[in-house]
Protein chains: 2
Amino acid sequence: MDRGISVARRTIIGTGIAALAGGALLPGLGLAGALRGTGDMGVVVERATGSVLIVDQSERAAIGRVEGLGDLSHASVVFSPDERFAYVFGRDGGLTKVDILTQGIAGRVMQAGNSIGGAISDDGTLVAVSNYEPGGVRVFDAATLEMVADIPAEWAGGLSKTIGLVDAPGRRFVFTLWDAGETWIADFSGGNTPEITKIAGIGDHPYDALITADGRHYIAGLFGEDGLTALDLWQSAPVPRRILAGYGRGEEKLPVYKMPHLEGWALAGDRFVLPAVGHHEVLWVDARSLEEVGRTAVHGQPVFAVARPDGRQVWVNFAHPLNDTVQVLDTLSGEVLKTLKPGPAVLHMEFTPRGNEVWVSVRDAGRIDVYDTHSFAKLAEIPAQSPSGIFFTARAHRTGL
Amino acid sequence: MDRGISVARRTIIGTGIAALAGGALLPGLGLAGALRGTGDMGVVVERATGSVLIVDQSERAAIGRVEGLGDLSHASVVFSPDERFAYVFGRDGGLTKVDILTQGIAGRVMQAGNSIGGAISDDGTLVAVSNYEPGGVRVFDAATLEMVADIPAEWAGGLSKTIGLVDAPGRRFVFTLWDAGETWIADFSGGNTPEITKIAGIGDHPYDALITADGRHYIAGLFGEDGLTALDLWQSAPVPRRILAGYGRGEEKLPVYKMPHLEGWALAGDRFVLPAVGHHEVLWVDARSLEEVGRTAVHGQPVFAVARPDGRQVWVNFAHPLNDTVQVLDTLSGEVLKTLKPGPAVLHMEFTPRGNEVWVSVRDAGRIDVYDTHSFAKLAEIPAQSPSGIFFTARAHRTGL
């Protein structure tokens with residue numbers, strides 16, 4: 001399921017943190033409450049300590065830390081439209097609203113027992129959480145965190161775990177039932193009682209899904225069979241369509257160290273890029289036909305393949321044990337342009353909104369590295385406590401992140 | 001030239017402003033300096049009074065006004081990466097840095113005698129202005145507004161007027177010489193002394209240009225001949241390529257009430273949409289081949305054809321005398337989905353970043369109207385003094401706006 005399944009479990013290492021206490025390493029600490037624009041801020045998840053760092057892209061620095069967020073394994077984050085509040089989705093069902101200006105917790109609810117992923121409606125008024133236990137989606141008022149809708153994922157077998165929750169234009173949320181193989185669209189355009197559309201036939205055990213940046217295509221990866229399933233949400237009655245029949249673990253059952261993330265295919269020029277499953281390859285897919293048009297051999301099993309915002313490059317990180325490396329692919333040639341070795345356990349990469357820089361979390365070095373994406377020069381190292389996901393506020397303005 | 005050429009001059013009407021004085025109509029006035037996120041803010045140009053309104057998308061309201069910005073005919077605006085500062089480019093050569101948090105002027109220089117348009121580098125450190133007099137581009141430190149580079153547009157005939165100035169990835173600016181028919185790329189990646197690449201053969205009197213949102217294609221419109229010229233900036237040595245041979249005024253010399261804006265073609269699905277010249281049509285252009293693939297008959301001569309951020313709709317406004325109307329096109333069918341009549345002199349449309357709402361300036365009604373883009377319901381009317389351009393802070397995160 002979404003980031004939950006690792007065929008070979010990663011070792012979680014808790015060392016390397018000792019040097020990070022103290023304000024001296026957080027130069028801006030103490031600036032909480034200062035008047036400032038929020039367009040160049042962000043948060044970094046510190047899983048081991050249940051905290052998030054508040055970061056400033058322009059300063060290339062951490063400027064504060066907010067603690068007490070619970071279990072942040074596989075945590076993800078969305079932002080309010082004003083780019084002031086970060087909604088942090090914890091694995092333990094905790095939903096925390098962090099005020100990045102005052103550097104405090106503006107609200108927190110334990111909304112379920114076990115959850116994975118969340119989304120915010122296009123108008124910024126609703127925050128939705130996808131739950132394993134109890135299976136379904138719960139939707140909250142973004143201002144108060146009061147629950148406004150509970151959508152149990154009922155099917156013949158009881159309640160299904162839900163995965164692949166995304167926001168879609170028109171105050172809609174889209175998510176998929178792992179057990180039932182169905183995708184549901186919850187439409188809140190008429191108010192806070194959603195109209196639910198259920199689409200069956202998605203496939204055997206969809207484990208993750210994404211929506212393309214234009215909100216048009218919703219694509220689910222399947223754990224129980226090869227191939228992916230696409231829905232065209234621009235159609236009034238979307239019909240499941242199988243694509244990329246060869247995509248998956250295949251007959252040979254190669255060792256898969258981690259099912260790759262499907263959180264948003266990189267659109268590079270007119271091709272999507274996605275990580276292969278179990279192979280040391282990325283796949284290039286025609287953005288119109290959704291057919292495979294090429295492959296590039298890379299360093300290891302890819303986890304994320306992320307396009308620079310202009311699509312001119314694709315940055316790839318890898319599964320354990322080859323996860324000390326990042327490769328940069330040239331979009332036009334498809335070739336590896338650069339191989340970087342940031343350090344042990346590169347978990348995530350986040351571009352500044354216009355792509356001139358990229359932040360890379362190097363978990364087991366206790367560090368975030370900032371690179372110039374044109375010269376590949378390392379511009380900064382920022383201490384962090386076992387950093388994993390990096391989330392910049394510009395995500396507020398985009399669909400499906 | 002960029003917004004400068006109107007074959008039939010628009011009448012500028014200065015009435016309808018009397019009712020707008022007073023804080024009662026600016027509900028948030030007095031909130032200058034309040035702690036707040038800046039992701040949902042913006043400015044609206046009030047040309048007749050040389051002022052800008054500070055607006056709040058979430059409140060659907062004006063929250064302040066900054067005056068003393070000089071001649072704002074055809075003014076445009078870019079934003080700092082933190083979404084706090086608006087750089088306002090006036091027609092009189094004035095460059096004003098407005099602090100939208102304190103609602104004051106943070107800096108102002110008269111950098112030339114007659115200018116048109118500006119841009120900000122992808123790293124947010126350089127602001128460039130395109131000048132008619134003296135012809136060329138001047139580049140300023142975004143923090144201090146000190147000039148860091150002066151690029152006179154020298155050619156065989158002296159100094160050329162410059163048009164179509166945009167920012168491109170890699171700390172580059174691209175602009176075109178109206179008199180010389182050349183496009184220049186000024187590359188600041190090595191520091192503040194730019195490396196200049198000059199590309200000849202753009203065509204006869206390029207009057208405006210755009211860069212696609214991915215920073216790849218730079219496309220110039222020609223006043224002296226039909227067709228457009230495209231440069232692929234992803235190539236190491238871009239070569240001018242003529243596209244859309246039928247695009248322009250044509251042999252018949254139809255009355256053209258206003259040359260349409262080329263400020264960014266609307267990417268809707270896999271097609272660009274652009275306003276026809278002199279005809280009551282918009283053109284659909286294949287995003288890959290840059291060939292025309294269809295036309296839609298519309299209400300008048302289109303001025304702006306703007307895609308909703310998800311590309312599902314295209315909104316079009318029109319030249320005088322049919323400028324009381326907005327039409328909404330369905331991207332899949334190409335058909336007119338809705339015709340709205342906001343009122344006299346609809347000059348500009350700006351979508352909220354995720355496209356759920358659109359703000360429309362109705363100059364001669366002294367009003368900005370806010371519409372829901374899904375239901376087409378009018379959600380708010382905001383008084384303004386002869387409003388023209390609307391610019392939301394999310395532009396900070398995008399290329400070429």
# chains A, B, ... in the order shown; residues from 1 in each chain; ligands from 1
>>> interface_residues(of="chain A", to="chain B", cutoff="6 Å", atoms="only C-alpha atoms", output="PyMOL selection string")
chain A and resi 35+37-40+81-84+122+214+310+353-354+397
>>> write_last_selection(atoms="N, CA and C atoms", output="mmCIF file, in the first residue's frame")
data_model
loop_
_atom_site.group_PDB
_atom_site.id
_atom_site.type_symbol
_atom_site.label_atom_id
_atom_site.label_comp_id
_atom_site.auth_asym_id
_atom_site.auth_seq_id
_atom_site.Cartn_x
_atom_site.Cartn_y
_atom_site.Cartn_z
ATOM 1 N N LEU A 35 7.049 39.063 10.990
ATOM 2 C CA LEU A 35 6.335 39.387 9.752
ATOM 3 C C LEU A 35 7.174 38.907 8.573
ATOM 4 N N GLY A 37 6.847 36.892 4.347
ATOM 5 C CA GLY A 37 6.103 36.156 3.336
ATOM 6 C C GLY A 37 6.296 34.671 3.559
ATOM 7 N N THR A 38 5.330 33.869 3.109
ATOM 8 C CA THR A 38 5.393 32.432 3.368
ATOM 9 C C THR A 38 5.618 31.611 2.098
ATOM 10 N N GLY A 39 5.846 32.276 0.975
ATOM 11 C CA GLY A 39 5.973 31.551 -0.285
ATOM 12 C C GLY A 39 7.240 30.739 -0.417
ATOM 13 N N ASP A 40 8.241 31.019 0.405
ATOM 14 C CA ASP A 40 9.532 30.323 0.293
ATOM 15 C C ASP A 40 9.830 29.493 1.534
ATOM 16 N N PRO A 81 -4.205 27.395 1.467
ATOM 17 C CA PRO A 81 -3.973 28.251 0.304
ATOM 18 C C PRO A 81 -3.120 29.493 0.608
ATOM 19 N N ASP A 82 -3.173 29.965 1.851
ATOM 20 C CA ASP A 82 -2.354 31.145 2.176
ATOM 21 C C ASP A 82 -0.916 30.763 2.506
ATOM 22 N N GLU A 83 -0.615 29.470 2.441
ATOM 23 C CA GLU A 83 0.741 28.959 2.694
ATOM 24 C C GLU A 83 1.213 29.265 4.112
ATOM 25 N N ARG A 84 0.279 29.340 5.047
ATOM 26 C CA ARG A 84 0.655 29.570 6.443
ATOM 27 C C ARG A 84 0.583 28.285 7.271
ATOM 28 N N ASP A 122 -9.568 21.897 -3.348
ATOM 29 C CA ASP A 122 -9.017 22.996 -4.144
ATOM 30 C C ASP A 122 -9.362 24.366 -3.580
ATOM 31 N N ASP A 214 -2.518 18.063 -13.845
ATOM 32 C CA ASP A 214 -3.669 18.792 -14.377
ATOM 33 C C ASP A 214 -4.993 18.246 -13.839
ATOM 34 N N ASP A 310 10.536 22.563 -14.560
ATOM 35 C CA ASP A 310 10.461 22.870 -15.991
ATOM 36 C C ASP A 310 10.541 21.613 -16.857
ATOM 37 N N PRO A 353 10.241 26.032 -6.112
ATOM 38 C CA PRO A 353 9.121 26.024 -7.059
ATOM 39 C C PRO A 353 9.524 26.265 -8.510
ATOM 40 N N ARG A 354 10.569 27.047 -8.743
ATOM 41 C CA ARG A 354 10.977 27.291 -10.122
ATOM 42 C C ARG A 354 12.164 26.436 -10.516
ATOM 43 N N HIS A 397 -0.427 25.461 -4.047
ATOM 44 C CA HIS A 397 -1.004 25.963 -5.294
ATOM 45 C C HIS A 397 -1.148 24.871 -6.338
#
>>> residues_around(residues="A:Ala297", least_positions_apart="3", cutoff="7 Å", atoms="only C-alpha atoms", output="ChimeraX atom specification")
/A:280-282
>>> write_last_selection(atoms="N, CA, C and O atoms", output="mmCIF file, in the first residue's frame")
data_model
loop_
_atom_site.group_PDB
_atom_site.id
_atom_site.type_symbol
_atom_site.label_atom_id
_atom_site.label_comp_id
_atom_site.auth_asym_id
_atom_site.auth_seq_id
_atom_site.Cartn_x
_atom_site.Cartn_y
_atom_site.Cartn_z
ATOM 1 N N HIS A 280 16.430 -2.035 -12.210
ATOM 2 C CA HIS A 280 17.243 -0.824 -12.120
ATOM 3 C C HIS A 280 16.980 0.051 -13.343
ATOM 4 O O HIS A 280 17.850 0.284 -14.171
ATOM 5 N N GLU A 281 15.758 0.523 -13.444
ATOM 6 C CA GLU A 281 15.333 1.257 -14.639
ATOM 7 C C GLU A 281 14.271 2.295 -14.286
ATOM 8 O O GLU A 281 13.512 2.117 -13.333
ATOM 9 N N VAL A 282 14.217 3.341 -15.084
ATOM 10 C CA VAL A 282 13.015 4.165 -15.103
ATOM 11 C C VAL A 282 12.373 4.026 -16.477
ATOM 12 O O VAL A 282 13.053 3.750 -17.470
#
>>> residues_around(residues="A:Arg242", least_positions_apart="5", cutoff="10 Å", atoms="only C-alpha atoms", output="ChimeraX atom specification")
/A:202-203,219-220,226-231,290
>>> residues_around(residues="B:Pro342", least_positions_apart="5", cutoff="7 Å", atoms="only C-alpha atoms", output="PyMOL selection string")
chain B and resi 324-325+362
>>> write_last_selection(atoms="N, CA, C and O atoms", output="compact mmCIF listing (two decimals), in the first residue's frame")
# COMPACT_ATOMS: atom_id res chain seq x y z
N ASP B 324 -17.69 43.73 -23.11
CA ASP B 324 -18.49 43.53 -21.88
C ASP B 324 -18.70 42.05 -21.57
O ASP B 324 -19.41 41.70 -20.64
N THR B 325 -18.09 41.18 -22.36
CA THR B 325 -18.43 39.76 -22.37
C THR B 325 -17.22 38.89 -22.08
O THR B 325 -16.09 39.25 -22.43
N VAL B 362 -13.58 44.55 -14.26
CA VAL B 362 -14.59 45.21 -15.10
C VAL B 362 -14.34 46.72 -14.95
O VAL B 362 -14.93 47.39 -14.10
>>> select_by_dssp(residues="stretch 71-305 of chain B", states="strand (DSSP E or B)", output="PyMOL selection string")
chain B and resi 76-79+85-89+94-99+104-110+114-120+126-133+136-141+147-152+154-155+158-159+162-168+172-177+182-187+195-199+206-211+217-222+228-232+241-243+266-268+271-275+281-286+292-297+302-305
>>> closest_residue(among="A:Asp369, A:Asn114, A:Val298, A:Arg363", to="A:Gln385", atoms="only C-alpha atoms")
A:Arg363
>>> residues_around(residues="A:Ile211", least_positions_apart="5", cutoff="6 Å", atoms="only C-alpha atoms", output="MDAnalysis selection string")
chainID A and resid 217:218 400
>>> write_last_selection(atoms="N, CA and C atoms", output="short mmCIF file (atom, residue, chain, number, x, y, z; two decimals), in the first residue's frame")
data_model
loop_
_atom_site.label_atom_id
_atom_site.label_comp_id
_atom_site.auth_asym_id
_atom_site.auth_seq_id
_atom_site.Cartn_x
_atom_site.Cartn_y
_atom_site.Cartn_z
N HIS A 217 -5.86 12.65 -15.08
CA HIS A 217 -5.70 11.19 -15.04
C HIS A 217 -5.41 10.72 -13.61
N TYR A 218 -6.20 9.78 -13.14
CA TYR A 218 -5.97 9.12 -11.85
C TYR A 218 -5.48 7.72 -12.17
N GLY A 400 -3.04 17.59 -6.34
CA GLY A 400 -2.60 16.21 -6.23
C GLY A 400 -1.30 16.01 -5.50
#
>>> residues_around(residues="A:Arg295", least_positions_apart="3", cutoff="9 Å", atoms="only C-alpha atoms", output="list in words")
Ala276, Glu281, Val282, Leu283, Trp284, Val285, Glu292 and Gly334 of chain A
>>> write_last_selection(atoms="N, CA and C atoms", output="compact mmCIF listing (two decimals), in the first residue's frame")
# COMPACT_ATOMS: atom_id res chain seq x y z
N ALA A 276 10.59 1.92 -12.41
CA ALA A 276 10.24 0.52 -12.64
C ALA A 276 10.13 -0.20 -11.30
N GLU A 281 15.76 0.52 -13.44
CA GLU A 281 15.33 1.26 -14.64
C GLU A 281 14.27 2.29 -14.29
N VAL A 282 14.22 3.34 -15.08
CA VAL A 282 13.01 4.17 -15.10
C VAL A 282 12.37 4.03 -16.48
N LEU A 283 11.06 4.21 -16.50
CA LEU A 283 10.30 4.07 -17.74
C LEU A 283 9.86 5.44 -18.23
N TRP A 284 9.91 5.63 -19.51
CA TRP A 284 9.39 6.85 -20.14
C TRP A 284 8.06 6.48 -20.81
N VAL A 285 7.03 7.27 -20.51
CA VAL A 285 5.69 6.96 -20.97
C VAL A 285 5.14 8.16 -21.73
N GLU A 292 4.36 2.95 -23.02
CA GLU A 292 5.79 3.04 -22.77
C GLU A 292 6.53 3.35 -24.06
N GLY A 334 17.33 11.22 -22.51
CA GLY A 334 17.00 10.09 -21.65
C GLY A 334 18.20 9.53 -20.91
>>> select_by_dssp(residues="stretch 180-397 of chain B", states="helix (DSSP H, G or I)", output="CSV table (one decimal) with N, CA, C and O atoms, in the first residue's frame")
chain,number,residue,atom,x,y,z
B,363,ARG,N,-13.4,47.2,-15.8
B,363,ARG,CA,-12.9,48.5,-15.5
B,363,ARG,C,-13.9,49.6,-15.4
B,363,ARG,O,-13.9,50.4,-14.4
B,364,ASP,N,-14.8,49.7,-16.4
B,364,ASP,CA,-15.7,50.8,-16.4
B,364,ASP,C,-16.9,50.7,-15.4
B,364,ASP,O,-17.7,51.6,-15.3
B,365,ALA,N,-17.0,49.6,-14.8
B,365,ALA,CA,-18.0,49.4,-13.7
B,365,ALA,C,-17.3,49.7,-12.4
B,365,ALA,O,-17.9,49.6,-11.3
B,393,THR,N,-0.2,36.3,-6.1
B,393,THR,CA,1.2,36.0,-5.6
B,393,THR,C,1.7,34.7,-6.1
B,393,THR,O,2.9,34.5,-6.2
B,394,ALA,N,0.8,33.7,-6.4
B,394,ALA,CA,1.3,32.4,-6.9
B,394,ALA,C,2.1,32.5,-8.1
B,394,ALA,O,2.8,31.6,-8.5
B,395,ARG,N,2.0,33.6,-8.8
B,395,ARG,CA,2.9,33.8,-10.0
B,395,ARG,C,4.4,33.7,-9.6
B,395,ARG,O,5.2,33.4,-10.5
B,396,ALA,N,4.7,34.0,-8.4
B,396,ALA,CA,6.1,33.9,-7.9
B,396,ALA,C,6.7,32.5,-8.2
B,396,ALA,O,7.9,32.4,-8.4
B,397,HIS,N,5.8,31.5,-8.3
B,397,HIS,CA,6.3,30.2,-8.4
B,397,HIS,C,6.3,29.7,-9.8
B,397,HIS,O,6.6,28.5,-10.1
>>> atom_distance(atom1="atom CA of A:Leu210", atom2="atom CA of A:Ile151")
19.9 Å
>>> atom_distance(atom1="atom CA of A:Val45", atom2="atom CA of A:Val148")
27.2 Å
>>> decode(residues="stretch 214-226 of chain B", atoms="all heavy atoms", output="short mmCIF file (atom, residue, chain, number, x, y, z; two decimals), in the first residue's frame")
data_model
loop_
_atom_site.label_atom_id
_atom_site.label_comp_id
_atom_site.auth_asym_id
_atom_site.auth_seq_id
_atom_site.Cartn_x
_atom_site.Cartn_y
_atom_site.Cartn_z
N ASP B 214 6.71 25.73 -19.24
CA ASP B 214 7.85 24.88 -18.90
C ASP B 214 9.18 25.54 -19.27
O ASP B 214 10.24 24.92 -19.09
CB ASP B 214 7.72 23.50 -19.56
CG ASP B 214 7.69 23.56 -21.08
OD1 ASP B 214 7.83 24.67 -21.64
OD2 ASP B 214 7.53 22.51 -21.71
N GLY B 215 9.13 26.75 -19.77
CA GLY B 215 10.36 27.45 -20.10
C GLY B 215 11.04 26.97 -21.36
O GLY B 215 12.15 27.36 -21.66
N ARG B 216 10.36 26.13 -22.13
CA ARG B 216 11.01 25.54 -23.29
C ARG B 216 10.88 26.38 -24.56
O ARG B 216 11.86 26.64 -25.24
CB ARG B 216 10.45 24.14 -23.55
CG ARG B 216 11.05 23.52 -24.78
CD ARG B 216 10.76 22.04 -24.91
NE ARG B 216 11.51 21.50 -26.03
CZ ARG B 216 11.56 20.21 -26.35
NH1 ARG B 216 10.90 19.34 -25.63
NH2 ARG B 216 12.27 19.81 -27.37
N HIS B 217 9.66 26.77 -24.91
CA HIS B 217 9.44 27.44 -26.19
C HIS B 217 9.23 28.95 -25.99
O HIS B 217 8.38 29.37 -25.23
CB HIS B 217 8.21 26.86 -26.90
CG HIS B 217 8.35 25.41 -27.25
ND1 HIS B 217 9.22 24.98 -28.23
CD2 HIS B 217 7.77 24.31 -26.75
CE1 HIS B 217 9.14 23.65 -28.32
NE2 HIS B 217 8.28 23.22 -27.43
N TYR B 218 10.02 29.72 -26.71
CA TYR B 218 9.85 31.18 -26.74
C TYR B 218 9.25 31.52 -28.10
O TYR B 218 9.81 31.14 -29.14
CB TYR B 218 11.21 31.85 -26.56
CG TYR B 218 11.18 33.37 -26.53
CD1 TYR B 218 10.84 34.04 -25.36
CD2 TYR B 218 11.51 34.12 -27.65
CE1 TYR B 218 10.83 35.43 -25.31
CE2 TYR B 218 11.50 35.51 -27.61
CZ TYR B 218 11.16 36.16 -26.44
OH TYR B 218 11.16 37.53 -26.39
N ILE B 219 8.11 32.20 -28.09
CA ILE B 219 7.36 32.39 -29.33
C ILE B 219 7.05 33.87 -29.50
O ILE B 219 6.48 34.50 -28.61
CB ILE B 219 6.07 31.55 -29.30
CG1 ILE B 219 6.43 30.06 -29.23
CG2 ILE B 219 5.20 31.84 -30.54
CD1 ILE B 219 5.28 29.15 -28.91
N ALA B 220 7.44 34.42 -30.65
CA ALA B 220 7.24 35.84 -30.92
C ALA B 220 6.16 36.05 -31.97
O ALA B 220 6.12 35.34 -32.98
CB ALA B 220 8.55 36.47 -31.39
N GLY B 221 5.27 37.02 -31.71
CA GLY B 221 4.29 37.45 -32.70
C GLY B 221 4.89 38.56 -33.56
O GLY B 221 5.72 39.33 -33.09
N LEU B 222 4.48 38.63 -34.82
CA LEU B 222 5.08 39.57 -35.76
C LEU B 222 4.04 40.58 -36.22
O LEU B 222 2.93 40.21 -36.61
CB LEU B 222 5.64 38.80 -36.97
CG LEU B 222 6.65 37.69 -36.62
CD1 LEU B 222 7.01 36.90 -37.87
CD2 LEU B 222 7.88 38.28 -35.96
N PHE B 223 4.42 41.85 -36.17
CA PHE B 223 3.50 42.89 -36.63
C PHE B 223 3.64 43.13 -38.12
O PHE B 223 2.69 43.49 -38.80
CB PHE B 223 3.77 44.20 -35.87
CG PHE B 223 2.68 45.20 -36.03
CD1 PHE B 223 1.47 45.03 -35.36
CD2 PHE B 223 2.83 46.30 -36.85
CE1 PHE B 223 0.45 45.96 -35.50
CE2 PHE B 223 1.81 47.24 -37.00
CZ PHE B 223 0.62 47.06 -36.33
N GLY B 224 4.83 42.88 -38.67
CA GLY B 224 5.10 43.20 -40.06
C GLY B 224 4.78 42.09 -41.04
O GLY B 224 4.86 42.28 -42.25
N GLU B 225 4.47 40.91 -40.53
CA GLU B 225 4.16 39.80 -41.43
C GLU B 225 3.30 38.79 -40.68
O GLU B 225 3.17 38.85 -39.45
CB GLU B 225 5.45 39.13 -41.94
CG GLU B 225 6.35 38.63 -40.83
CD GLU B 225 7.68 38.09 -41.36
OE1 GLU B 225 7.63 37.17 -42.19
OE2 GLU B 225 8.74 38.57 -40.93
N ASP B 226 2.71 37.86 -41.41
CA ASP B 226 1.91 36.83 -40.79
C ASP B 226 2.81 35.72 -40.24
O ASP B 226 3.97 35.60 -40.62
CB ASP B 226 0.90 36.25 -41.78
CG ASP B 226 -0.24 37.23 -42.04
OD1 ASP B 226 -0.40 38.18 -41.25
OD2 ASP B 226 -0.96 37.04 -43.03
#
